[in-house]
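Have a look at entry.cif; it's mmCIF, C-alpha atoms:
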data_final
#
loop_
_atom_site.label_atom_id
_atom_site.label_comp_id
_atom_site.auth_asym_id
_atom_site.auth_seq_id
_atom_site.Cartn_x
_atom_site.Cartn_y
_atom_site.Cartn_z
CA MET A 248 -27.17 -41.04 -19.43
CA ALA A 249 -30.45 -39.26 -20.12
CA ARG A 250 -29.33 -36.32 -18.00
CA ALA A 251 -26.01 -36.11 -19.85
CA LEU A 252 -27.88 -36.23 -23.17
CA THR A 253 -30.16 -33.33 -22.20
CA ARG A 254 -27.17 -31.25 -21.10
CA GLY A 255 -25.13 -31.93 -24.23
CA PRO A 256 -25.33 -30.35 -27.69
CA VAL A 257 -28.35 -32.48 -28.58
CA GLY A 258 -30.17 -31.34 -25.47
CA ARG A 259 -29.43 -27.69 -26.18
CA ARG A 260 -30.71 -28.07 -29.73
CA LEU A 261 -33.88 -29.78 -28.50
CA ARG A 262 -34.53 -27.01 -25.97
CA LYS A 263 -34.18 -24.49 -28.77
CA VAL A 264 -36.36 -26.31 -31.33
CA ALA A 265 -39.08 -27.74 -29.05
CA PRO A 266 -40.91 -24.43 -28.30
CA LEU A 267 -41.19 -23.85 -32.05
CA VAL A 268 -42.16 -27.33 -33.21
CA VAL A 269 -44.38 -28.67 -30.42
CA PRO A 270 -47.20 -26.10 -30.96
CA VAL A 271 -47.22 -26.95 -34.67
CA LEU A 272 -47.53 -30.66 -33.89
CA LEU A 273 -50.38 -29.99 -31.46
CA ALA A 274 -52.19 -27.91 -34.10
CA ILE A 275 -51.77 -30.66 -36.70
CA ALA A 276 -53.09 -33.27 -34.27
CA ASP A 277 -56.07 -31.02 -33.50
CA ALA A 278 -56.80 -30.61 -37.21
CA MET A 279 -56.65 -34.37 -37.85
CA LEU A 280 -58.83 -35.23 -34.87
CA VAL A 281 -61.50 -32.72 -35.86
CA ASN A 282 -61.49 -33.11 -39.66
CA GLY A 283 -59.96 -36.52 -40.30
CA VAL A 284 -57.19 -37.29 -42.78
CA GLU A 285 -59.07 -36.98 -46.05
CA LEU A 286 -57.86 -34.00 -48.05
CA ASP A 287 -60.63 -31.43 -48.39
CA LEU A 288 -61.19 -27.74 -47.72
CA GLU A 289 -61.46 -28.14 -43.94
CA VAL A 290 -58.26 -30.17 -43.70
CA GLY A 291 -56.44 -27.80 -46.07
CA VAL A 292 -57.16 -24.61 -44.15
CA SER A 293 -56.51 -26.38 -40.82
CA MET A 294 -53.09 -27.66 -41.94
CA ALA A 295 -52.21 -24.25 -43.39
CA ALA A 296 -53.09 -22.63 -40.06
CA ALA A 297 -50.90 -25.16 -38.23
CA ALA A 298 -47.95 -24.59 -40.58
CA ALA A 299 -48.22 -20.83 -40.15
CA LEU A 300 -47.31 -21.23 -36.48
CA LEU A 301 -43.69 -21.80 -37.51
CA VAL A 302 -43.27 -18.04 -38.11
CA ARG A 303 -45.59 -16.82 -35.35
CA ARG A 304 -42.78 -15.14 -33.41
CA ARG A 305 -41.67 -13.03 -36.37
CA PHE A 306 -45.16 -12.13 -37.68
CA PRO A 307 -47.54 -12.69 -34.76
CA LEU A 308 -50.43 -10.57 -36.09
CA LEU A 309 -50.33 -11.96 -39.64
CA VAL A 310 -50.10 -15.54 -38.36
CA PHE A 311 -53.13 -15.00 -36.11
CA LEU A 312 -55.16 -13.64 -39.01
CA PHE A 313 -54.00 -16.59 -41.15
CA THR A 314 -55.30 -19.07 -38.56
CA LEU A 315 -58.81 -17.61 -38.42
CA PRO A 316 -60.02 -19.46 -41.57
CA GLY A 317 -58.92 -22.70 -39.93
CA LEU A 318 -61.10 -21.89 -36.92
CA TYR A 319 -64.05 -20.71 -38.99
CA ILE A 320 -63.98 -23.46 -41.65
CA GLY A 321 -62.09 -26.30 -39.99
CA TYR A 322 -63.27 -25.80 -36.40
CA ILE A 323 -59.77 -26.05 -34.94
CA TRP A 324 -58.84 -24.36 -31.66
CA PHE A 325 -55.14 -24.85 -30.94
CA ALA A 326 -53.69 -22.89 -33.87
CA PRO A 327 -55.65 -19.60 -33.34
CA MET A 328 -55.30 -19.79 -29.55
CA ILE A 329 -51.52 -20.30 -29.76
CA ALA A 330 -51.24 -17.48 -32.29
CA LEU A 331 -53.28 -15.14 -30.07
CA TYR A 332 -51.11 -16.07 -27.04
CA THR A 333 -47.95 -15.24 -29.01
CA LEU A 334 -49.44 -11.92 -30.10
CA ALA A 335 -50.27 -10.99 -26.49
CA ALA A 336 -46.79 -11.97 -25.27
CA LEU A 337 -44.84 -10.19 -28.04
CA ARG A 338 -47.04 -7.36 -29.37
CA PRO A 339 -49.31 -6.21 -26.54
CA GLY A 340 -51.70 -3.36 -27.23
CA ARG A 341 -55.24 -2.83 -26.04
CA ALA A 342 -56.71 -1.92 -29.41
CA ARG A 343 -54.83 -4.68 -31.24
CA LEU A 344 -55.68 -7.39 -28.71
CA GLY A 345 -59.29 -6.22 -28.45
CA GLY A 346 -59.79 -6.35 -32.20
CA CYS A 347 -58.14 -9.79 -32.46
CA ALA A 348 -60.30 -11.09 -29.60
CA LEU A 349 -63.46 -9.93 -31.41
CA LEU A 350 -62.29 -11.60 -34.63
CA LEU A 351 -61.66 -14.89 -32.80
CA ILE A 352 -65.07 -14.68 -31.11
CA ALA A 353 -66.74 -14.06 -34.46
CA ALA A 354 -64.90 -16.92 -36.19
CA HIS A 355 -65.84 -19.23 -33.34
CA PHE A 356 -69.44 -18.00 -32.94
CA PHE A 357 -70.66 -18.00 -36.55
CA PRO A 358 -70.91 -21.43 -38.21
CA TYR A 359 -69.63 -22.43 -41.62
CA PRO A 360 -71.47 -22.01 -43.90
CA ILE A 361 -73.16 -18.90 -42.51
CA SER A 362 -76.53 -20.13 -43.79
CA ASP A 363 -76.61 -22.67 -40.93
CA PHE A 364 -76.80 -19.86 -38.34
CA GLU A 365 -80.06 -19.91 -36.37
CA LEU A 366 -80.67 -16.50 -34.83
CA THR A 367 -83.66 -17.68 -32.78
CA ASP A 368 -81.74 -20.47 -31.01
CA TYR A 369 -80.96 -18.24 -28.04
CA ARG A 370 -79.79 -20.91 -25.62
CA GLU A 371 -77.35 -22.50 -28.06
CA ASN A 372 -76.09 -19.12 -29.29
CA THR A 373 -75.49 -17.93 -25.71
CA LEU A 374 -73.46 -21.03 -24.85
CA VAL A 375 -71.37 -20.71 -28.02
CA LEU A 376 -70.77 -16.99 -27.34
CA ILE A 377 -69.58 -17.72 -23.81
CA ASP A 378 -67.33 -20.49 -25.09
CA ALA A 379 -65.90 -18.17 -27.77
CA SER A 380 -65.28 -15.39 -25.23
CA VAL A 381 -63.38 -17.75 -22.91
CA THR A 382 -61.45 -19.13 -25.87
CA SER A 383 -60.26 -15.66 -26.79
CA ALA A 384 -59.69 -14.33 -23.25
CA ALA A 385 -57.60 -17.24 -21.96
CA PRO A 386 -54.64 -16.96 -24.39
CA ILE A 387 -54.59 -13.17 -24.05
CA ALA A 388 -54.45 -13.38 -20.24
CA LEU A 389 -51.75 -16.04 -20.34
CA GLY A 390 -49.67 -14.09 -22.86
CA LEU A 391 -49.88 -10.88 -20.84
CA LEU A 392 -48.94 -12.81 -17.69
CA VAL A 393 -45.83 -14.29 -19.34
CA ARG A 394 -44.81 -10.87 -20.68
CA THR A 395 -45.26 -9.26 -17.26
CA ARG A 396 -43.19 -12.00 -15.66
CA ARG A 397 -40.37 -11.42 -18.14
CA GLU A 398 -40.44 -7.68 -17.56
CA LEU A 399 -40.39 -8.24 -13.80
CA ALA A 400 -37.40 -10.58 -14.11
CA SER A 401 -35.61 -7.95 -16.19
CA ARG A 402 -36.39 -5.25 -13.60
CA VAL A 403 -35.12 -7.51 -10.80
CA GLU A 404 -31.92 -8.15 -12.73
CA ASP A 405 -31.42 -4.41 -13.28
CA LEU A 406 -32.06 -3.79 -9.59
CA THR A 407 -29.56 -6.48 -8.63
CA ARG A 408 -26.91 -4.92 -10.87
CA SER A 409 -27.67 -1.51 -9.40
CA LEU A 410 -27.34 -2.83 -5.85
CA ARG A 411 -24.04 -4.50 -6.71
CA ARG A 412 -22.78 -1.27 -8.23
CA GLU A 413 -23.82 0.63 -5.11
CA ASP A 414 -22.07 -1.95 -2.93
CA ARG A 415 -18.89 -1.51 -4.96
CA LEU A 416 -19.13 2.28 -4.69
CA LEU A 417 -19.69 2.02 -0.95
CA ALA A 418 -16.73 -0.34 -0.61
CA ASP A 419 -14.57 2.04 -2.65
CA ARG A 420 -15.65 4.94 -0.46
CA VAL A 421 -14.83 3.00 2.71
CA LYS A 422 -11.49 1.98 1.24
CA THR A 423 -10.69 5.57 0.28
CA THR A 424 -11.59 6.79 3.75
CA GLU A 425 -9.43 4.12 5.35
CA ARG A 426 -6.54 4.92 3.06
CA ALA A 427 -6.79 8.59 3.96
CA ARG A 428 -6.86 7.72 7.65
CA LEU A 429 -3.79 5.52 7.28
CA ALA A 430 -2.03 8.28 5.36
CA ARG A 431 -2.73 10.76 8.14
CA GLU A 432 -1.51 8.38 10.82
CA MET A 433 1.64 7.54 8.88
CA HIS A 434 2.35 11.20 8.29
CA ASP A 435 1.61 12.28 11.87
CA VAL A 436 3.37 9.46 13.71
CA VAL A 437 6.02 7.82 11.53
CA ALA A 438 7.17 10.97 9.75
CA HIS A 439 7.50 12.81 13.06
CA GLN A 440 9.61 10.07 14.64
CA VAL A 441 11.85 9.65 11.60
CA SER A 442 12.34 13.42 11.42
CA LEU A 443 13.52 13.40 15.04
CA ILE A 444 15.95 10.59 14.24
CA SER A 445 17.32 12.57 11.32
CA LEU A 446 17.75 15.70 13.47
CA GLN A 447 19.47 13.80 16.27
CA ALA A 448 21.80 12.09 13.80
CA GLY A 449 22.66 15.47 12.27
CA ALA A 450 23.42 16.87 15.69
CA VAL A 451 25.70 13.94 16.48
CA GLN A 452 27.44 14.30 13.11
CA VAL A 453 28.21 17.95 13.83
CA SER A 454 29.19 17.67 17.50
CA THR A 455 31.24 14.47 17.69
CA GLU A 456 34.98 14.31 17.05
CA ASP A 457 35.02 10.57 16.39
CA ALA A 458 35.28 9.89 12.65
CA GLU A 459 33.57 6.50 12.96
CA ALA A 460 30.71 8.04 14.93
CA ARG A 461 30.34 10.81 12.34
CA ALA A 462 30.18 8.20 9.56
CA GLY A 463 27.54 6.24 11.45
CA ALA A 464 25.54 9.42 12.13
CA ARG A 465 25.76 10.39 8.46
CA THR A 466 24.48 6.96 7.44
CA ILE A 467 21.61 7.22 9.91
CA ARG A 468 20.71 10.65 8.59
CA GLU A 469 20.81 9.50 4.95
CA LEU A 470 18.63 6.51 5.79
CA SER A 471 16.20 8.78 7.61
CA VAL A 472 16.00 11.18 4.67
CA ARG A 473 15.49 8.27 2.27
CA THR A 474 12.80 6.83 4.53
CA LEU A 475 11.02 10.18 4.68
CA GLU A 476 11.12 10.43 0.88
CA GLU A 477 9.60 6.98 0.39
CA LEU A 478 7.11 7.70 3.17
CA ARG A 479 6.05 10.85 1.30
CA HIS A 480 5.50 8.79 -1.85
CA MET A 481 3.53 6.16 0.08
CA VAL A 482 1.33 8.73 1.79
CA GLY A 483 0.59 10.22 -1.62
CA VAL A 484 -0.37 6.79 -2.97
CA LEU A 485 -2.67 6.15 -0.01
CA ARG A 486 -4.35 9.52 -0.47
CA ALA A 487 -4.79 9.06 -4.22
CA ASP A 488 -8.25 7.93 -5.19
CA GLY A 489 -8.63 4.64 -7.09
CA GLY A 490 -9.61 6.49 -10.27
CA GLU A 491 -6.53 8.73 -10.20
CA ALA A 492 -4.25 6.05 -11.64
CA ALA A 493 -1.93 8.47 -13.42
CA GLU A 494 -1.36 10.50 -10.25
CA ALA A 495 -0.79 7.34 -8.25
CA ARG A 496 1.78 6.11 -10.75
CA ASP A 497 3.67 9.40 -10.44
CA LEU A 498 3.63 9.19 -6.66
CA ALA A 499 4.67 5.54 -6.37
CA PRO A 500 8.33 4.91 -5.43
CA GLN A 501 10.40 3.63 -8.33
CA PRO A 502 13.50 1.81 -7.02
CA ASP A 503 15.29 -0.52 -9.44
CA LEU A 504 18.51 -2.51 -9.79
CA GLU A 505 20.61 0.62 -10.15
CA GLU A 506 19.88 1.42 -6.50
CA LEU A 507 20.81 -2.02 -5.20
CA PRO A 508 24.49 -1.17 -4.55
CA ARG A 509 23.43 1.84 -2.49
CA LEU A 510 20.94 -0.28 -0.57
CA ILE A 511 23.60 -2.89 0.17
CA GLU A 512 26.12 -0.24 1.19
CA MET A 513 23.71 1.30 3.69
CA SER A 514 22.58 -2.05 5.10
CA ALA A 515 25.64 -2.27 7.45
CA LEU A 516 25.94 -5.98 6.64
CA ASP A 517 28.75 -8.13 5.25
CA VAL A 518 27.29 -8.48 1.76
CA THR A 519 28.83 -9.80 -1.44
CA TYR A 520 26.95 -8.51 -4.47
CA GLU A 521 27.21 -10.56 -7.68
CA ARG A 522 25.57 -8.81 -10.58
CA GLY A 523 24.90 -10.78 -13.74
CA VAL A 524 22.29 -8.55 -15.37
CA VAL A 525 22.21 -4.94 -16.54
CA ALA A 526 19.50 -2.72 -15.04
CA GLY A 527 16.68 -1.97 -17.46
CA ALA A 528 17.85 -4.67 -19.88
CA GLY A 529 16.74 -3.91 -23.39
CA GLY A 530 13.89 -1.59 -22.39
CA VAL A 531 11.62 -4.63 -22.24
CA SER A 532 7.93 -4.28 -21.41
CA GLY A 533 7.65 -4.82 -17.67
CA ALA A 534 11.41 -4.62 -17.01
CA LYS A 535 11.02 -1.76 -14.53
CA THR A 536 8.28 -3.61 -12.68
CA VAL A 537 10.45 -6.72 -12.46
CA GLU A 538 13.48 -4.71 -11.26
CA ARG A 539 11.32 -3.01 -8.67
CA ALA A 540 10.13 -6.39 -7.40
CA ALA A 541 13.74 -7.62 -7.31
CA PHE A 542 14.78 -4.55 -5.30
CA ARG A 543 11.99 -5.09 -2.78
CA THR A 544 12.94 -8.77 -2.45
CA VAL A 545 16.56 -7.89 -1.63
CA GLN A 546 15.44 -5.14 0.74
CA GLU A 547 13.15 -7.46 2.71
CA ALA A 548 15.73 -10.26 2.80
CA LEU A 549 18.45 -7.95 4.16
CA THR A 550 16.01 -6.68 6.79
CA ASN A 551 15.35 -10.27 7.86
CA VAL A 552 19.09 -10.93 8.08
CA ARG A 553 19.50 -7.95 10.41
CA LYS A 554 16.63 -9.20 12.56
CA HIS A 555 17.32 -12.93 12.74
CA ALA A 556 20.95 -13.51 11.70
CA PRO A 557 23.14 -10.65 12.95
CA GLY A 558 26.74 -10.92 11.93
CA ALA A 559 26.02 -13.42 9.13
CA ARG A 560 27.72 -13.20 5.77
CA VAL A 561 25.33 -12.51 2.91
CA ARG A 562 25.57 -13.14 -0.81
CA VAL A 563 23.23 -11.31 -3.18
CA ARG A 564 23.10 -12.42 -6.80
CA VAL A 565 20.93 -11.13 -9.64
CA ASP A 566 20.98 -13.15 -12.87
CA PRO A 567 19.01 -13.34 -16.11
CA VAL A 568 17.14 -16.59 -16.71
CA ASP A 569 16.11 -18.23 -19.96
CA THR A 570 13.17 -20.09 -18.38
CA VAL A 571 11.05 -18.75 -15.56
CA ARG A 572 9.33 -21.24 -13.31
CA GLY A 573 5.56 -21.10 -13.18
CA PRO A 574 2.92 -22.48 -10.79
CA ALA A 575 2.48 -26.25 -10.98
CA ALA A 576 1.75 -29.24 -8.76
CA ASP A 577 3.03 -29.22 -5.18
CA GLY A 578 6.42 -30.75 -4.57
CA ALA A 579 7.92 -30.16 -8.03
CA GLU A 580 11.66 -29.77 -8.44
CA ALA A 581 13.24 -26.40 -9.13
CA ALA A 582 15.63 -25.81 -12.00
CA ASP A 583 18.71 -26.14 -9.80
CA GLY A 584 17.57 -29.33 -8.12
CA THR A 585 16.05 -27.73 -5.02
CA ARG A 586 12.41 -28.12 -4.09
CA ALA A 587 10.36 -24.94 -4.10
CA ALA A 588 8.57 -24.04 -0.91
CA ASP A 589 5.44 -22.95 -2.78
CA GLY A 590 5.29 -26.04 -4.98
CA THR A 591 6.60 -24.89 -8.37
CA ARG A 592 8.58 -26.47 -11.15
CA PRO A 593 10.24 -25.31 -14.35
CA ALA A 594 7.80 -24.31 -17.06
CA ALA A 595 9.23 -24.13 -20.55
CA GLY A 596 8.37 -21.14 -22.63
CA ALA A 597 7.35 -18.95 -19.68
CA GLY A 598 8.63 -15.81 -21.39
CA ALA A 599 6.99 -14.62 -24.58
CA ALA A 600 8.94 -13.22 -27.49
CA ASP A 601 7.91 -9.66 -26.67
CA GLY A 602 8.88 -10.12 -23.03
CA ALA A 603 12.51 -11.13 -23.55
CA ALA A 604 15.71 -9.16 -23.17
CA GLU A 605 19.39 -9.64 -23.80
CA ASP A 606 21.73 -9.85 -20.83
CA GLY A 607 25.34 -8.69 -20.75
CA GLY A 608 26.49 -11.84 -22.57
CA GLY A 609 24.22 -11.30 -25.57
CA ARG A 610 21.89 -14.25 -24.83
CA THR A 611 18.12 -13.88 -24.65
CA ALA A 612 16.73 -13.58 -21.14
CA HIS A 613 13.06 -14.20 -20.40
CA GLY A 614 13.19 -13.14 -16.79
CA LEU A 615 15.19 -12.26 -13.72
CA ARG A 616 16.39 -14.44 -10.85
CA VAL A 617 17.26 -12.93 -7.48
CA GLU A 618 18.98 -14.97 -4.79
CA ILE A 619 19.84 -13.80 -1.28
CA ARG A 620 21.74 -16.40 0.74
CA ASN A 621 23.09 -15.85 4.25
CA GLY A 622 25.14 -18.06 6.49
CA PRO A 623 24.55 -18.84 10.16
CA PRO A 624 24.39 -15.89 12.57
CA ASP A 625 27.41 -14.83 14.60
CA ALA A 626 26.99 -16.26 18.09
CA THR A 627 28.75 -13.25 19.62
CA ALA A 628 26.56 -10.67 17.89
CA THR A 629 23.70 -9.03 19.74
CA VAL A 630 20.27 -9.79 18.35
CA PRO A 631 18.48 -6.45 17.81
CA ALA A 632 15.03 -6.11 19.29
CA LEU A 633 13.39 -5.07 16.02
CA PRO A 634 9.61 -5.34 15.63
CA GLY A 635 8.20 -7.58 12.92
CA GLY A 636 4.75 -8.51 11.72
CA GLY A 637 5.68 -11.82 10.10
CA HIS A 638 4.23 -10.81 6.74
CA GLY A 639 7.37 -9.92 4.81
CA LEU A 640 7.91 -13.22 2.98
CA VAL A 641 4.18 -13.62 2.44
CA GLY A 642 4.05 -10.24 0.74
CA LEU A 643 7.09 -11.09 -1.39
CA ARG A 644 5.52 -14.36 -2.50
CA GLU A 645 2.26 -12.60 -3.40
CA ARG A 646 4.21 -10.00 -5.38
CA ALA A 647 6.10 -12.72 -7.28
CA GLN A 648 2.92 -14.65 -8.06
CA SER A 649 1.15 -11.49 -9.27
CA LEU A 650 3.98 -11.05 -11.81
CA GLY A 651 3.73 -14.68 -12.93
CA GLY A 652 6.90 -15.70 -11.07
CA THR A 653 7.79 -17.72 -7.98
CA LEU A 654 9.52 -17.24 -4.66
CA GLU A 655 11.31 -19.88 -2.60
CA ALA A 656 12.37 -19.32 1.01
CA ARG A 657 13.99 -22.08 3.09
CA ARG A 658 16.70 -22.86 5.57
CA THR A 659 20.04 -24.25 4.40
CA SER A 660 22.00 -27.18 5.76
CA ASP A 661 24.66 -24.90 7.34
CA GLY A 662 22.13 -23.07 9.52
CA GLY A 663 21.60 -20.15 7.16
CA PHE A 664 18.71 -19.10 4.97
CA VAL A 665 18.12 -18.60 1.27
CA VAL A 666 15.51 -16.56 -0.57
CA ARG A 667 15.26 -17.15 -4.32
CA ALA A 668 12.76 -15.39 -6.59
CA GLU A 669 12.19 -15.52 -10.34
CA PHE A 670 10.21 -12.92 -12.29
CA PRO A 671 9.25 -13.11 -15.99
CA TYR A 672 9.49 -10.07 -18.23
CA GLY A 673 6.50 -8.80 -20.16
CA THR A 674 4.11 -7.84 -17.32
CA GLY A 675 4.40 -4.11 -17.91
CA ARG A 676 1.96 -3.03 -15.17
CA SER A 677 2.88 -0.90 -12.21
CA GLU A 678 2.25 -1.75 -8.60
CA VAL A 679 -0.45 0.87 -8.41
CA GLU A 680 -2.27 -0.52 -11.46
CA ARG A 681 -2.30 -3.98 -9.85
CA GLY A 682 -3.37 -2.54 -6.51
CA GLU A 683 -0.32 -4.07 -4.78
CA VAL A 684 1.41 -1.07 -3.26
CA ARG A 685 2.56 -2.24 0.14
#

Now that the file is in, can you turn its structure into structure tokens?
Amino acid sequence: MARALTRGPVGRRLRKVAPLVVPVLLAIADAMLVNGVELDLEVGVSMAAAAALLVRRRFPLLVFLFTLPGLYIGYIWFAPMIALYTLAALRPGRARLGGCALLLIAAHFFPYPISDFELTDYRENTLVLIDASVTSAAPIALGLLVRTRRELASRVEDLTRSLRREDRLLADRVKTTERARLAREMHDVVAHQVSLISLQAGAVQVSTEDAEARAGARTIRELSVRTLEELRHMVGVLRADGGEAAEARDLAPQPDLEELPRLIEMSALDVTYERGVVAGAGGVSGAKTVERAAFRTVQEALTNVRKHAPGARVRVRVDPVDTVRGPAADGAEAADGTRAADGTRPAAGAGAADGAAEDGGGRTAHGLRVEIRNGPPDATATVPALPGGGHGLVGLRERAQSLGGTLEARRTSDGGFVVRAEFPYGTGRSEVERGEVR
């Protein structure tokens, strides 16, 4: 309980007030022990010196001078020593501290009244002078030590910040170098191979007499050209430095819902496309980013169908949603009764007023839902030996979460697979700005 009290508001107030009040209380106790409690000149000047310590941090030199009568008349020690320590810690200066030390030695060495001073009492005068010198030197040394320690702590903190900044710059330089290396490898290897594919497809398109073969060759060539175009954009993004955000935004590929029909047409799959939302609905902040994420989700899902479920029928549906699910406790139910694979549940009010759009039916939409559902694979179809890194769905889920949405991927009871993603409007940041260009 005591620990909780010291950490609470009362404890914080005590830690703030104690350094100001405790020295005053010590000075008052010193004055009462030396001069008693009867009100006279000695007690008056001693109490005044103790009270002056309340403003010692604002006026350290004046407070020290104000405490000297208490030392000279009232024979108190704490008030002038504390004032001299504060002066050394806050207003260091050789001439100032030297003069104040001499004043404290004089106030301590000469008795009150001055007529009681015995010049011929050498032994007693020497002892008093030594005592006065130590009394003045100790608070000055302690004050200078505290000030030096504070300055050293500040220097260490500045050095730590500088080292962290250098580490970040070094990490950025390493990242830039690695990005440039990746860009060179992508350009030298992938672009070369895709260019060869495009040339071979063009040769087949020109030389063959079979109409179906010409159509297939034309599709292959168009896909190769499109791949080279996106590869050019990606290489430009990788080569762009982190500070060149505007250039990176210009270089980043910008697919959206308007390109979905073309993507589906060139996928060579049996796809039914159900479109319930207009591309670029309402010019909402973040609409293009959401449509881009939806396009990438459909693209990755169709790629997975080609890899793992050849010959399967696919249904792609894009709909506006009034409520976008947000992260919540694991095992929550989705809006349509299914259980999300990443543990999400409906969250009311996920779309703000400035992040809403109107769909084709005139209702307000706060986000976009994309669903790609495929049936079981055709047992007679040949499974293509396509390479895969196993990171496609992970990347899609990270993209959805970075936009404040969710992604669900699971098998269905009929042996198929479904991918469902929801994205809220109102994000408004590009992939390059979020550092999520993949």

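What the PyMOL selection byres ((chain A and resi 654-671) around 6) grabs from this file is A:Val571, A:Ala587, A:Ala588, A:His613, A:Gly614, A:Leu615, A:Arg616, A:Val617, A:Glu618, A:Ile619, A:Arg620, A:Asn621, A:Gly622, A:Pro623, A:Arg644, A:Gly652, A:Thr653, A:Tyr672.
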
As an MDAnalysis selection string, please: the residues near range 261-266 of chain A (cut-off 12 Å, all atoms listed in the file, same-chain neighbours under 3 positions excluded). chainID A and resid 252:258 269:273 300:304 329 333

Just how far from CA of Gly673 in chain A is CA of Lys535 in chain A, in Å to one decimal? 10.1 Å

The residues within 12 Å of (-60.2, -29.9, -45.6), using only C-alpha atoms and the coordinates of the file, should be reported as a count of residues only; which are they? 26

Return as a PyMOL selection string the set of residues that the PyMOL selection byres ((chain A and resi 378-393) around 8) yields on the displayed structure. chain A and resi 328-329+331-336+339+344+348+351-353+355-356+374-377+394-397

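Across the structure, CA of Asp405 in chain A and CA of Lys422 in chain A are spaced 25.5 Å apart.
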
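Of the listed residues (A:Thr536, A:Thr314, A:Thr550, A:Thr544), A:Thr544 comes nearest to Leu507 in chain A; the distances count only C-alpha atoms.
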
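Reported to one decimal place, the separation of CA of Met433 in chain A from CA of Leu485 in chain A is 10.0 Å.
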
Please provide the set of residues having any atom within 12 Å of Ile444 in chain A, restricted to only C-alpha atoms, with same-chain residues fewer than 5 positions apart removed, written as a list in words. Val437, Ala438, His439, Gly449, Ala450, Val451, Ala464, Arg465, Thr466, Ile467, Arg468, Glu469, Leu470, Ser471, Val472, Thr474 and Leu475 of chain A

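For the set A:Arg338, A:Arg564, A:Arg431, A:Arg543, the residue with the smallest atom-to-atom gap to Glu521 in chain A is A:Arg564, counting only C-alpha atoms.
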
Which neighbours of range 510-520 of chain A fall inside 8 Å, counting all atoms listed in the file, when residues of the same chain fewer than 6 positions from it are skipped, and could you give them as a ChimeraX atom specification? /A:466,470,546,549,553,558-564

Residues from last step as file, C-alpha atoms, as an mmCIF file, in the coordinates of the input:
data_model
loop_
_atom_site.group_PDB
_atom_site.id
_atom_site.type_symbol
_atom_site.label_atom_id
_atom_site.label_comp_id
_atom_site.auth_asym_id
_atom_site.auth_seq_id
_atom_site.Cartn_x
_atom_site.Cartn_y
_atom_site.Cartn_z
ATOM 1 C CA THR A 466 24.480 6.960 7.440
ATOM 2 C CA LEU A 470 18.630 6.510 5.790
ATOM 3 C CA GLN A 546 15.440 -5.140 0.740
ATOM 4 C CA LEU A 549 18.450 -7.950 4.160
ATOM 5 C CA ARG A 553 19.500 -7.950 10.410
ATOM 6 C CA GLY A 558 26.740 -10.920 11.930
ATOM 7 C CA ALA A 559 26.020 -13.420 9.130
ATOM 8 C CA ARG A 560 27.720 -13.200 5.770
ATOM 9 C CA VAL A 561 25.330 -12.510 2.910
ATOM 10 C CA ARG A 562 25.570 -13.140 -0.810
ATOM 11 C CA VAL A 563 23.230 -11.310 -3.180
ATOM 12 C CA ARG A 564 23.100 -12.420 -6.800
#

Spatial neighbours of Ala430 in chain A, max dist 8 Å, all atoms listed in the file, sep filter under 2 positions, as a PDB file with C-alpha atoms, keeping the file's coordinate frame:
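Listing of out-v4.pdb after writing:
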ATOM      1  CA  ARG A 426      -6.540   4.920   3.060  1.00  0.00           C
ATOM      2  CA  ALA A 427      -6.790   8.590   3.960  1.00  0.00           C
ATOM      3  CA  ARG A 428      -6.860   7.720   7.650  1.00  0.00           C
ATOM      4  CA  GLU A 432      -1.510   8.380  10.820  1.00  0.00           C
ATOM      5  CA  MET A 433       1.640   7.540   8.880  1.00  0.00           C
ATOM      6  CA  HIS A 434       2.350  11.200   8.290  1.00  0.00           C
ATOM      7  CA  MET A 481       3.530   6.160   0.080  1.00  0.00           C
ATOM      8  CA  VAL A 482       1.330   8.730   1.790  1.00  0.00           C
ATOM      9  CA  GLY A 483       0.590  10.220  -1.620  1.00  0.00           C
ATOM     10  CA  LEU A 485      -2.670   6.150  -0.010  1.00  0.00           C
ATOM     11  CA  ARG A 486      -4.350   9.520  -0.470  1.00  0.00           C
TER      12      ARG A 486
END

Can you list, as a ChimeraX atom specification, the residues that the PyMOL selection byres ((chain A and resi 504) around 10) selects here? /A:502-503,505-510,522,524-527,535,537-543,545,565

Which polymer residues, protein or nucleic acid, are no farther than 12 Å from (24.9, -16.8, 20.8), counting all atoms listed in the file, as a PyMOL selection string? chain A and resi 555-558+623-630
